[in-house]
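Structure file final-v8.cif with mmCIF, C-alpha atoms and all ligand atoms:
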data_query
#
loop_
_atom_site.group_PDB
_atom_site.id
_atom_site.type_symbol
_atom_site.label_atom_id
_atom_site.label_comp_id
_atom_site.auth_asym_id
_atom_site.auth_seq_id
_atom_site.Cartn_x
_atom_site.Cartn_y
_atom_site.Cartn_z
ATOM 1 C CA MET K 1 149.402 -65.099 139.906
ATOM 2 C CA ILE K 2 148.727 -64.047 136.254
ATOM 3 C CA THR K 3 151.596 -62.522 134.293
ATOM 4 C CA ILE K 4 150.713 -61.183 130.846
ATOM 5 C CA LEU K 5 153.885 -61.603 128.754
ATOM 6 C CA LYS K 6 155.233 -58.819 126.552
ATOM 7 C CA GLU K 7 154.524 -60.845 123.391
ATOM 8 C CA THR K 8 150.836 -60.024 123.979
ATOM 9 C CA PRO K 9 150.026 -56.941 121.846
ATOM 10 C CA LYS K 10 148.965 -53.841 123.796
ATOM 11 C CA ASP K 11 146.747 -52.750 120.890
ATOM 12 C CA PRO K 12 144.518 -55.790 120.209
ATOM 13 C CA ILE K 13 141.659 -53.824 118.610
ATOM 14 C CA THR K 14 143.979 -51.808 116.348
ATOM 15 C CA LEU K 15 145.768 -55.023 115.334
ATOM 16 C CA MET K 16 142.440 -56.609 114.330
ATOM 17 C CA GLY K 17 141.613 -53.541 112.229
ATOM 18 C CA ARG K 18 145.062 -53.662 110.570
ATOM 19 C CA ARG K 19 144.468 -57.271 109.510
ATOM 20 C CA ALA K 20 140.891 -56.647 108.293
ATOM 21 C CA GLY K 21 142.075 -53.548 106.383
ATOM 22 C CA VAL K 22 144.360 -55.678 104.212
ATOM 23 C CA CYS K 23 141.306 -57.482 102.834
ATOM 24 C CA TRP K 24 139.253 -54.333 102.369
ATOM 25 C CA GLY K 25 141.958 -52.263 100.633
ATOM 26 C CA GLY K 26 141.880 -49.961 103.688
ATOM 27 C CA ASP K 27 144.546 -47.488 104.838
ATOM 28 C CA ILE K 28 146.396 -49.725 107.309
ATOM 29 C CA ASP K 29 149.035 -47.056 108.067
ATOM 30 C CA ASN K 30 146.437 -44.957 109.850
ATOM 31 C CA GLU K 31 146.154 -46.333 113.412
ATOM 32 C CA GLU K 32 143.002 -44.362 114.187
ATOM 33 C CA LYS K 33 141.242 -45.949 111.210
ATOM 34 C CA ASN K 34 142.643 -49.359 112.158
ATOM 35 C CA TYR K 35 141.221 -49.013 115.671
ATOM 36 C CA LYS K 36 137.799 -47.991 114.328
ATOM 37 C CA ARG K 37 137.804 -50.815 111.751
ATOM 38 C CA GLY K 38 138.773 -53.378 114.428
ATOM 39 C CA LEU K 39 135.988 -52.188 116.680
ATOM 40 C CA ASP K 40 133.459 -52.345 113.822
ATOM 41 C CA CYS K 41 134.486 -55.949 113.096
ATOM 42 C CA ILE K 42 133.965 -57.215 116.625
ATOM 43 C CA ARG K 43 130.767 -55.213 117.147
ATOM 44 C CA SER K 44 129.383 -56.729 113.931
ATOM 45 C CA GLY K 45 130.259 -60.253 115.104
ATOM 46 C CA HIS K 46 132.990 -60.761 112.466
ATOM 47 C CA HIS K 47 134.961 -62.669 115.048
ATOM 48 C CA ARG K 48 137.540 -64.316 112.806
ATOM 49 C CA VAL K 49 139.639 -61.155 113.356
ATOM 50 C CA LEU K 50 139.892 -62.056 117.077
ATOM 51 C CA GLU K 51 142.112 -64.955 116.051
ATOM 52 C CA TYR K 52 144.947 -62.581 115.074
ATOM 53 C CA VAL K 53 145.409 -61.511 118.704
ATOM 54 C CA ASN K 54 147.321 -63.929 120.917
ATOM 55 C CA VAL K 55 147.531 -63.760 124.684
ATOM 56 C CA GLU K 56 150.718 -65.212 126.174
ATOM 57 C CA MET K 57 150.718 -65.509 129.946
ATOM 58 C CA ILE K 58 152.099 -67.333 132.963
ATOM 59 C CA ILE K 59 149.368 -68.856 135.117
ATOM 60 C CA ASP K 60 150.867 -69.690 138.469
ATOM 61 C CA GLY K 61 149.584 -70.944 141.813
ATOM 62 C CA TYR K 62 146.275 -72.538 140.753
ATOM 63 C CA SER K 63 145.502 -76.198 141.383
ATOM 64 C CA ALA K 64 146.401 -78.946 138.924
ATOM 65 C CA ARG K 65 142.664 -79.681 138.953
ATOM 66 C CA VAL K 66 141.617 -76.306 137.542
ATOM 67 C CA ILE K 67 144.415 -76.454 134.969
ATOM 68 C CA ARG K 68 143.045 -79.836 133.841
ATOM 69 C CA GLU K 69 139.741 -78.046 133.145
ATOM 70 C CA TRP K 70 141.626 -75.195 131.444
ATOM 71 C CA TYR K 71 142.970 -77.696 128.931
ATOM 72 C CA THR K 72 139.448 -78.563 127.700
ATOM 73 C CA HIS K 73 139.302 -75.254 125.747
ATOM 74 C CA ILE K 74 140.807 -76.459 122.493
ATOM 75 C CA GLY K 75 139.262 -74.131 119.876
ATOM 76 C CA GLY K 76 141.964 -72.325 117.841
ATOM 77 C CA ALA K 77 144.721 -74.800 118.757
ATOM 78 C CA PRO K 78 146.128 -73.153 121.898
ATOM 79 C CA THR K 79 149.485 -74.281 123.276
ATOM 80 C CA ARG K 80 151.083 -74.460 126.713
ATOM 81 C CA LEU K 81 153.923 -75.772 128.828
ATOM 82 C CA GLN K 82 153.341 -77.138 132.331
ATOM 83 C CA ALA K 83 155.670 -77.530 135.323
ATOM 84 C CA SER K 84 157.189 -81.037 135.320
ATOM 85 C CA THR K 85 156.196 -83.606 137.952
ATOM 86 C CA ARG K 86 159.367 -85.579 137.223
ATOM 87 C CA TYR K 87 162.118 -83.096 138.015
ATOM 88 C CA ILE K 88 160.677 -80.533 140.443
ATOM 89 C CA ASN K 89 161.116 -81.260 144.152
ATOM 90 C CA TYR K 90 157.585 -81.923 145.402
ATOM 91 C CA LYS K 91 158.481 -82.865 148.991
ATOM 92 C CA ASP K 92 157.045 -79.528 150.140
ATOM 93 C CA PHE K 93 154.470 -78.928 147.414
ATOM 94 C CA SER K 94 151.974 -76.121 147.918
ATOM 95 C CA TYR K 95 148.256 -76.655 147.423
ATOM 96 C CA THR K 96 144.915 -74.900 147.085
ATOM 97 C CA THR K 97 142.555 -74.994 150.050
ATOM 98 C CA PRO K 98 138.875 -74.565 149.089
ATOM 99 C CA PRO K 99 137.224 -71.660 151.009
ATOM 100 C CA LEU K 100 134.625 -73.980 152.596
ATOM 101 C CA VAL K 101 137.433 -76.166 153.956
ATOM 102 C CA ALA K 102 139.498 -73.151 155.092
ATOM 103 C CA LYS K 103 136.697 -71.752 157.240
ATOM 104 C CA ASN K 104 135.834 -75.089 158.894
ATOM 105 C CA GLU K 105 138.421 -75.755 161.608
ATOM 106 C CA GLU K 106 137.995 -79.552 161.703
ATOM 107 C CA ALA K 107 137.871 -79.861 157.897
ATOM 108 C CA GLU K 108 140.957 -77.665 157.511
ATOM 109 C CA LYS K 109 142.878 -79.878 159.961
ATOM 110 C CA ILE K 110 141.946 -83.100 158.088
ATOM 111 C CA TYR K 111 142.797 -81.480 154.736
ATOM 112 C CA ARG K 112 146.172 -80.130 155.920
ATOM 113 C CA GLN K 113 147.169 -83.397 157.634
ATOM 114 C CA THR K 114 146.347 -85.368 154.467
ATOM 115 C CA MET K 115 148.540 -83.057 152.381
ATOM 116 C CA ASP K 116 151.364 -83.365 154.952
ATOM 117 C CA THR K 117 151.041 -87.177 154.872
ATOM 118 C CA ILE K 118 151.287 -87.190 151.052
ATOM 119 C CA ALA K 119 154.376 -84.925 151.147
ATOM 120 C CA GLN K 120 156.035 -87.198 153.740
ATOM 121 C CA ALA K 121 155.155 -90.342 151.770
ATOM 122 C CA CYS K 122 156.695 -88.862 148.577
ATOM 123 C CA SER K 123 159.831 -88.023 150.503
ATOM 124 C CA ARG K 124 160.117 -91.444 152.204
ATOM 125 C CA LEU K 125 159.514 -93.367 148.975
ATOM 126 C CA GLU K 126 162.473 -91.520 147.474
ATOM 127 C CA SER K 127 164.862 -91.428 150.434
ATOM 128 C CA GLU K 128 164.045 -94.714 152.235
ATOM 129 C CA CYS K 129 162.912 -96.987 149.421
ATOM 130 C CA GLY K 130 164.966 -95.648 146.483
ATOM 131 C CA ILE K 131 161.836 -95.006 144.394
ATOM 132 C CA PRO K 132 162.496 -92.523 141.565
ATOM 133 C CA ARG K 133 160.771 -89.146 141.844
ATOM 134 C CA GLU K 134 158.693 -89.738 138.718
ATOM 135 C CA ASP K 135 157.072 -92.733 140.450
ATOM 136 C CA ALA K 136 156.645 -91.125 143.890
ATOM 137 C CA ALA K 137 154.902 -88.257 142.066
ATOM 138 C CA MET K 138 151.943 -90.587 141.379
ATOM 139 C CA LEU K 139 150.763 -89.715 144.890
ATOM 140 C CA LEU K 140 150.529 -85.965 144.207
ATOM 141 C CA PRO K 141 146.989 -84.591 144.654
ATOM 142 C CA LEU K 142 144.931 -82.573 142.132
ATOM 143 C CA GLY K 143 144.811 -79.787 144.738
ATOM 144 C CA MET K 144 148.587 -79.253 144.340
ATOM 145 C CA THR K 145 149.365 -75.897 142.742
ATOM 146 C CA THR K 146 151.095 -75.796 139.391
ATOM 147 C CA ARG K 147 152.455 -73.299 136.853
ATOM 148 C CA ILE K 148 151.839 -73.118 133.109
ATOM 149 C CA VAL K 149 152.955 -70.870 130.274
ATOM 150 C CA ASP K 150 149.927 -70.502 128.050
ATOM 151 C CA LYS K 151 149.344 -69.088 124.559
ATOM 152 C CA ARG K 152 145.907 -68.824 122.914
ATOM 153 C CA ASN K 153 143.983 -66.375 120.786
ATOM 154 C CA VAL K 154 141.475 -63.950 122.225
ATOM 155 C CA ARG K 155 138.522 -65.594 120.461
ATOM 156 C CA ASN K 156 139.222 -68.717 122.521
ATOM 157 C CA LEU K 157 139.584 -66.665 125.736
ATOM 158 C CA ILE K 158 136.295 -64.840 125.137
ATOM 159 C CA GLU K 159 134.500 -68.175 124.468
ATOM 160 C CA MET K 160 136.073 -69.491 127.661
ATOM 161 C CA SER K 161 134.846 -66.519 129.688
ATOM 162 C CA HIS K 162 131.242 -67.257 128.636
ATOM 163 C CA GLN K 163 131.520 -70.759 130.187
ATOM 164 C CA ARG K 164 133.727 -69.965 133.116
ATOM 165 C CA LEU K 165 132.257 -66.730 134.430
ATOM 166 C CA CYS K 166 128.928 -68.617 134.695
ATOM 167 C CA THR K 167 127.978 -69.455 138.302
ATOM 168 C CA ARG K 168 127.772 -73.157 137.269
ATOM 169 C CA ALA K 169 131.545 -73.205 136.675
ATOM 170 C CA TYR K 170 133.896 -74.550 139.354
ATOM 171 C CA TRP K 171 134.679 -71.790 141.912
ATOM 172 C CA GLU K 172 138.454 -71.857 141.342
ATOM 173 C CA TYR K 173 137.969 -71.498 137.569
ATOM 174 C CA ARG K 174 135.659 -68.507 138.115
ATOM 175 C CA ARG K 175 138.380 -66.986 140.306
ATOM 176 C CA LEU K 176 141.079 -67.781 137.706
ATOM 177 C CA MET K 177 138.936 -66.206 134.951
ATOM 178 C CA GLY K 178 138.385 -63.125 137.118
ATOM 179 C CA ASP K 179 142.153 -62.840 137.757
ATOM 180 C CA ILE K 180 142.834 -63.047 133.999
ATOM 181 C CA CYS K 181 140.231 -60.335 133.299
ATOM 182 C CA GLN K 182 141.873 -58.125 135.927
ATOM 183 C CA ALA K 183 145.400 -58.697 134.527
ATOM 184 C CA LEU K 184 144.253 -57.946 130.955
ATOM 185 C CA ARG K 185 142.339 -54.839 132.032
ATOM 186 C CA ALA K 186 145.512 -53.485 133.607
ATOM 187 C CA TYR K 187 147.614 -54.342 130.510
ATOM 188 C CA SER K 188 146.306 -51.541 128.249
ATOM 189 C CA GLU K 189 143.295 -49.351 127.497
ATOM 190 C CA GLU K 190 142.317 -51.471 124.490
ATOM 191 C CA TRP K 191 142.350 -54.625 126.630
ATOM 192 C CA ASN K 192 140.284 -52.838 129.244
ATOM 193 C CA TYR K 193 137.639 -52.151 126.568
ATOM 194 C CA LEU K 194 137.662 -55.761 125.293
ATOM 195 C CA VAL K 195 137.325 -57.275 128.768
ATOM 196 C CA GLU K 196 134.626 -54.806 129.798
ATOM 197 C CA HIS K 197 132.439 -55.547 126.744
ATOM 198 C CA TYR K 198 133.178 -59.147 125.703
ATOM 199 C CA PHE K 199 134.376 -61.180 128.720
ATOM 200 C CA VAL K 200 130.924 -61.997 130.113
ATOM 201 C CA PRO K 201 128.979 -65.096 131.256
ATOM 202 C CA LYS K 202 127.011 -66.860 128.516
ATOM 203 C CA CYS K 203 123.594 -65.632 129.711
ATOM 204 C CA GLU K 204 124.707 -62.079 128.849
ATOM 205 C CA VAL K 205 125.448 -63.231 125.289
ATOM 206 C CA THR K 206 122.296 -65.284 124.723
ATOM 207 C CA GLY K 207 119.889 -63.205 126.840
ATOM 208 C CA TYR K 208 118.746 -66.362 128.638
ATOM 209 C CA CYS K 209 120.224 -69.196 130.724
ATOM 210 C CA THR K 210 121.231 -72.407 128.928
ATOM 211 C CA GLU K 211 122.002 -74.350 132.133
ATOM 212 C CA LYS K 212 119.622 -76.946 133.572
ATOM 213 C CA LYS K 213 120.390 -75.816 137.112
ATOM 214 C CA SER K 214 120.108 -72.051 136.696
ATOM 215 C CA CYS K 215 121.294 -69.481 139.252
ATOM 216 C CA GLY K 216 118.150 -67.486 138.423
ATOM 217 C CA LYS K 217 119.954 -64.385 137.107
ATOM 218 C CA ALA K 218 118.544 -64.887 133.593
ATOM 219 C CA LYS K 219 115.401 -66.599 132.301
ATOM 220 C CA VAL K 220 115.890 -70.345 131.570
ATOM 221 C CA PHE K 221 115.946 -71.404 127.904
ATOM 222 C CA ALA K 222 112.585 -73.128 127.284
ATOM 223 C CA ALA K 223 112.924 -73.707 123.516
ATOM 224 C CA SER K 224 114.636 -77.113 123.827
ATOM 225 C CA ALA K 225 111.593 -78.501 125.688
ATOM 226 C CA ASP K 226 109.279 -76.922 123.084
ATOM 227 C CA ILE K 227 111.214 -78.492 120.199
ATOM 228 C CA LEU K 228 111.071 -81.965 121.795
ATOM 229 C CA ASN K 229 107.299 -81.623 122.340
ATOM 230 C CA LYS K 230 106.775 -80.539 118.705
ATOM 231 C CA GLN K 231 108.909 -83.436 117.433
ATOM 232 C CA SER K 232 106.976 -86.045 119.432
ATOM 233 C CA ALA K 233 103.644 -84.453 118.332
ATOM 234 C CA MET K 234 104.757 -84.752 114.664
ATOM 235 C CA ARG K 235 105.627 -88.426 115.147
ATOM 236 C CA GLU K 236 102.190 -89.219 116.610
HETATM 237 C C1 LIG R 301 129.523 -76.315 134.383
HETATM 238 C C2 LIG R 301 130.487 -77.134 133.564
HETATM 239 C C3 LIG R 301 130.628 -78.482 133.807
HETATM 240 C C4 LIG R 301 131.480 -79.257 133.020
HETATM 241 N N1 LIG R 301 131.616 -80.594 133.297
HETATM 242 C C5 LIG R 301 132.461 -81.354 132.581
HETATM 243 C C6 LIG R 301 132.677 -82.753 132.859
HETATM 244 O O1 LIG R 301 132.068 -83.308 133.768
HETATM 245 N N2 LIG R 301 133.576 -83.438 132.110
HETATM 246 C C7 LIG R 301 134.250 -82.864 131.066
HETATM 247 O O2 LIG R 301 135.030 -83.534 130.386
HETATM 248 N N3 LIG R 301 134.083 -81.547 130.771
HETATM 249 C C8 LIG R 301 133.214 -80.783 131.501
HETATM 250 N N4 LIG R 301 133.096 -79.453 131.218
HETATM 251 C C9 LIG R 301 133.896 -78.884 130.123
HETATM 252 C C10 LIG R 301 133.075 -78.771 128.840
HETATM 253 O O3 LIG R 301 132.501 -79.999 128.485
HETATM 254 C C11 LIG R 301 133.966 -78.286 127.677
HETATM 255 O O4 LIG R 301 134.998 -79.211 127.443
HETATM 256 C C12 LIG R 301 134.583 -76.928 127.967
HETATM 257 O O5 LIG R 301 133.579 -76.005 128.304
HETATM 258 C C13 LIG R 301 135.367 -76.424 126.723
HETATM 259 O O6 LIG R 301 134.604 -76.537 125.553
HETATM 260 P P1 LIG R 301 134.057 -75.257 124.776
HETATM 261 O O7 LIG R 301 133.236 -75.757 123.664
HETATM 262 O O8 LIG R 301 133.422 -74.344 125.759
HETATM 263 O O9 LIG R 301 135.414 -74.534 124.282
HETATM 264 P P2 LIG R 301 136.353 -74.860 123.034
HETATM 265 O O10 LIG R 301 136.689 -76.292 122.969
HETATM 266 O O11 LIG R 301 137.508 -73.928 123.124
HETATM 267 O O12 LIG R 301 135.458 -74.514 121.802
HETATM 268 C C14 LIG R 301 135.012 -73.202 121.524
HETATM 269 C C15 LIG R 301 134.185 -73.232 120.255
HETATM 270 O O13 LIG R 301 135.064 -73.569 119.172
HETATM 271 C C16 LIG R 301 134.401 -74.439 118.275
HETATM 272 N N5 LIG R 301 135.102 -75.736 118.245
HETATM 273 C C17 LIG R 301 136.030 -76.209 119.114
HETATM 274 N N6 LIG R 301 136.464 -77.421 118.762
HETATM 275 C C18 LIG R 301 135.789 -77.755 117.650
HETATM 276 C C19 LIG R 301 135.776 -78.908 116.830
HETATM 277 N N7 LIG R 301 136.576 -79.952 117.075
HETATM 278 N N8 LIG R 301 134.939 -78.926 115.787
HETATM 279 C C20 LIG R 301 134.139 -77.878 115.508
HETATM 280 N N9 LIG R 301 134.095 -76.755 116.242
HETATM 281 C C21 LIG R 301 134.912 -76.688 117.304
HETATM 282 C C22 LIG R 301 132.963 -74.577 118.738
HETATM 283 O O14 LIG R 301 132.190 -73.580 118.136
HETATM 284 C C23 LIG R 301 133.069 -74.280 120.217
HETATM 285 O O15 LIG R 301 131.849 -73.798 120.746
HETATM 286 C C24 LIG R 301 132.229 -78.655 131.980
HETATM 287 C C25 LIG R 301 132.094 -77.271 131.748
HETATM 288 C C26 LIG R 301 131.254 -76.510 132.525
HETATM 289 C C27 LIG R 301 131.162 -75.027 132.246
#

Any chance you could put this one into structure tokens?
Amino acid sequence: MITILKETPKDPITLMGRRAGVCWGGDIDNEEKNYKRGLDCIRSGHHRVLEYVNVEMIIDGYSARVIREWYTHIGGAPTRLQASTRYINYKDFSYTTPPLVAKNEEAEKIYRQTMDTIAQACSRLESECGIPREDAAMLLPLGMTTRIVDKRNVRNLIEMSHQRLCTRAYWEYRRLMGDICQALRAYSEEWNYLVEHYFVPKCEVTGYCTEKKSCGKAKVFAASADILNKQSAMRE
């Protein structure tokens, strides 16, 4: 469901080191040195270099709902194309079934019948009432699967992983993020290293949980409450 396109460099760490080397008067023809320099940059938190590495991929078969959430990650001006709802034939659209619905027989029946009713209504509006497809498509549900071609830099993707590998994130997004990690790991050794060390939930970055409703894996951040107490004490 995730296809990493060939425009994505196989040597992201070396590429970062090549770019940083230009500014340091380094030997950018030596790939070993480039790799080491790239690694030093990201380990030191000099994360501007991450913006020189783009990931281009096809994300296919996830719900329109999760892709709507995907679009909220705007840092670094990412770009994407999405399957049209005007020209594609949606009479037999496919859709995502949440696991809790899938394992409940009655719920699964209601869910499936509703999707079938929507598909039939789209079809009848077009064939029986002469309604153009772009208008019948208003009925399409957020659970319908879609396909996008996405391009963004790895700094954005790493930021995204902190939010979306968190247990507070929507289950389908956590699954999508996991699928992307798996596809990148398989793409090259350097990607495997990056995913292993930097694609982590935010509590592993901060050392504590920033969420109000914590899963309990990390200690909850208490400082915000402390700051508010101090501020009100100062006012008194
Ligand atoms: C559990 C959960 C629930 C959520 N619920 C909702 C919801 O109900 N409704 C909703 O709309 N969204 C919701 N979201 C999405 C959330 O509000 C953010 O839109 C999403 O996480 C992307 O924002 P970001 O800051 O993580 O990433 P990005 O937008 O990619 O930003 C990454 C970083 O880039 C920098 N940056 C980006 N843009 C700017 C800018 N304009 N100026 C300065 N710096 C910038 C900041 O340092 C930022 O931290 C939810 C997310 C989660 C994880």

Quick one: axis-aligned box around all listed atoms of ligand LIG 301 (chain R), 3 Å on every side, centre and edge lengths in Å to one decimal, written as lines of an AutoDock Vina configuration file.
center_x = 133.5
center_y = -78.4
center_z = 124.9
size_x = 14.0
size_y = 16.3
size_z = 24.9

I need the residue set behind the PyMOL selection byres (((chain K and resi 204-220) around 8) and not hetatm) for this file; please write it as a tab-separated table (two decimals) with C-alpha atoms, keeping the file's coordinate frame.
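Here's the written file out-v9.tsv:
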chain	number	residue	atom	x	y	z
K	162	HIS	CA	131.24	-67.26	128.64
K	167	THR	CA	127.98	-69.46	138.30
K	168	ARG	CA	127.77	-73.16	137.27
K	200	VAL	CA	130.92	-62.00	130.11
K	201	PRO	CA	128.98	-65.10	131.26
K	202	LYS	CA	127.01	-66.86	128.52
K	203	CYS	CA	123.59	-65.63	129.71
K	221	PHE	CA	115.95	-71.40	127.90
K	222	ALA	CA	112.58	-73.13	127.28

Q.
Quick check on the file I pasted: which residues fall under the PyMOL selection byres (((chain K and resi 84) around 12) and not hetatm)? Write them as a PyMOL selection string.
A. chain K and resi 64+81-83+85-90+133-134+137+145-148

Give the residues close to ligand LIG 301 (chain R), within 7 Å, counting only C-alpha atoms and all ligand atoms; write them as a compact mmCIF listing (two decimals) with C-alpha atoms, in the coordinates of the input.
# COMPACT_ATOMS: atom_id res chain seq x y z
CA GLU K 69 139.74 -78.05 133.15
CA THR K 72 139.45 -78.56 127.70
CA HIS K 73 139.30 -75.25 125.75
CA ILE K 74 140.81 -76.46 122.49
CA GLY K 75 139.26 -74.13 119.88
CA ASN K 156 139.22 -68.72 122.52
CA GLU K 159 134.50 -68.18 124.47
CA MET K 160 136.07 -69.49 127.66
CA GLN K 163 131.52 -70.76 130.19
CA ARG K 164 133.73 -69.96 133.12
CA ARG K 168 127.77 -73.16 137.27
CA ALA K 169 131.54 -73.20 136.68
CA TYR K 170 133.90 -74.55 139.35

Non-local contacts of K:Tyr193 (12 Å; only C-alpha atoms; under 5 positions in same chain excluded) as a PDB file with C-alpha atoms, in the coordinates of the input:
ATOM      1  CA  LYS K  10     148.965 -53.841 123.796  1.00  0.00           C
ATOM      2  CA  ASP K  11     146.747 -52.750 120.890  1.00  0.00           C
ATOM      3  CA  PRO K  12     144.518 -55.790 120.209  1.00  0.00           C
ATOM      4  CA  ILE K  13     141.659 -53.824 118.610  1.00  0.00           C
ATOM      5  CA  TYR K  35     141.221 -49.013 115.671  1.00  0.00           C
ATOM      6  CA  LEU K  39     135.988 -52.188 116.680  1.00  0.00           C
ATOM      7  CA  ILE K  42     133.965 -57.215 116.625  1.00  0.00           C
ATOM      8  CA  CYS K 181     140.231 -60.335 133.299  1.00  0.00           C
ATOM      9  CA  GLN K 182     141.873 -58.125 135.927  1.00  0.00           C
ATOM     10  CA  LEU K 184     144.253 -57.946 130.955  1.00  0.00           C
ATOM     11  CA  ARG K 185     142.339 -54.839 132.032  1.00  0.00           C
ATOM     12  CA  ALA K 186     145.512 -53.485 133.607  1.00  0.00           C
ATOM     13  CA  TYR K 187     147.614 -54.342 130.510  1.00  0.00           C
ATOM     14  CA  SER K 188     146.306 -51.541 128.249  1.00  0.00           C
ATOM     15  CA  TYR K 198     133.178 -59.147 125.703  1.00  0.00           C
ATOM     16  CA  PHE K 199     134.376 -61.180 128.720  1.00  0.00           C
TER      17      PHE K 199
END

(Q) Between atom CA of K:Ile158 and atom CA of K:Ile59, what distance in Å does the model show, to one decimal? (A)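 Between these atoms lies a distance of 16.9 Å.
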
Residues returned when the PyMOL selection byres (((chain K and resi 109-111) around 12) and not hetatm) runs on this file, as an mmCIF file with C-alpha atoms, in the coordinates of the input:
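What follows is the written file expr-v3.cif:
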data_model
loop_
_atom_site.group_PDB
_atom_site.id
_atom_site.type_symbol
_atom_site.label_atom_id
_atom_site.label_comp_id
_atom_site.auth_asym_id
_atom_site.auth_seq_id
_atom_site.Cartn_x
_atom_site.Cartn_y
_atom_site.Cartn_z
ATOM 1 C CA TYR K 95 148.256 -76.655 147.423
ATOM 2 C CA THR K 96 144.915 -74.900 147.085
ATOM 3 C CA THR K 97 142.555 -74.994 150.050
ATOM 4 C CA PRO K 98 138.875 -74.565 149.089
ATOM 5 C CA PRO K 99 137.224 -71.660 151.009
ATOM 6 C CA LEU K 100 134.625 -73.980 152.596
ATOM 7 C CA VAL K 101 137.433 -76.166 153.956
ATOM 8 C CA ALA K 102 139.498 -73.151 155.092
ATOM 9 C CA LYS K 103 136.697 -71.752 157.240
ATOM 10 C CA ASN K 104 135.834 -75.089 158.894
ATOM 11 C CA GLU K 105 138.421 -75.755 161.608
ATOM 12 C CA GLU K 106 137.995 -79.552 161.703
ATOM 13 C CA ALA K 107 137.871 -79.861 157.897
ATOM 14 C CA GLU K 108 140.957 -77.665 157.511
ATOM 15 C CA ARG K 112 146.172 -80.130 155.920
ATOM 16 C CA GLN K 113 147.169 -83.397 157.634
ATOM 17 C CA THR K 114 146.347 -85.368 154.467
ATOM 18 C CA MET K 115 148.540 -83.057 152.381
ATOM 19 C CA ASP K 116 151.364 -83.365 154.952
ATOM 20 C CA THR K 117 151.041 -87.177 154.872
ATOM 21 C CA ILE K 118 151.287 -87.190 151.052
ATOM 22 C CA PRO K 141 146.989 -84.591 144.654
ATOM 23 C CA GLY K 143 144.811 -79.787 144.738
#

Q: Provide the atom CA of K:Arg37 to atom CA of K:Met57 distance in Å, to one decimal place.
A: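 Here the two named atoms are 26.7 Å from each other.
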
Q.
Using Å and a single decimal, report how far atom CA of K:Cys166 sits from atom CA of K:Leu142.
A. 22.5 Å

**Q.** Selected residue of minimal separation from K:Glu7 among K:Ala119, K:Val49, K:Ile67, K:Val55, counting all atoms listed in the file
**A.**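 Of K:Ala119, K:Val49, K:Ile67, K:Val55, the one nearest K:Glu7, counting all atoms listed in the file, is K:Val55.
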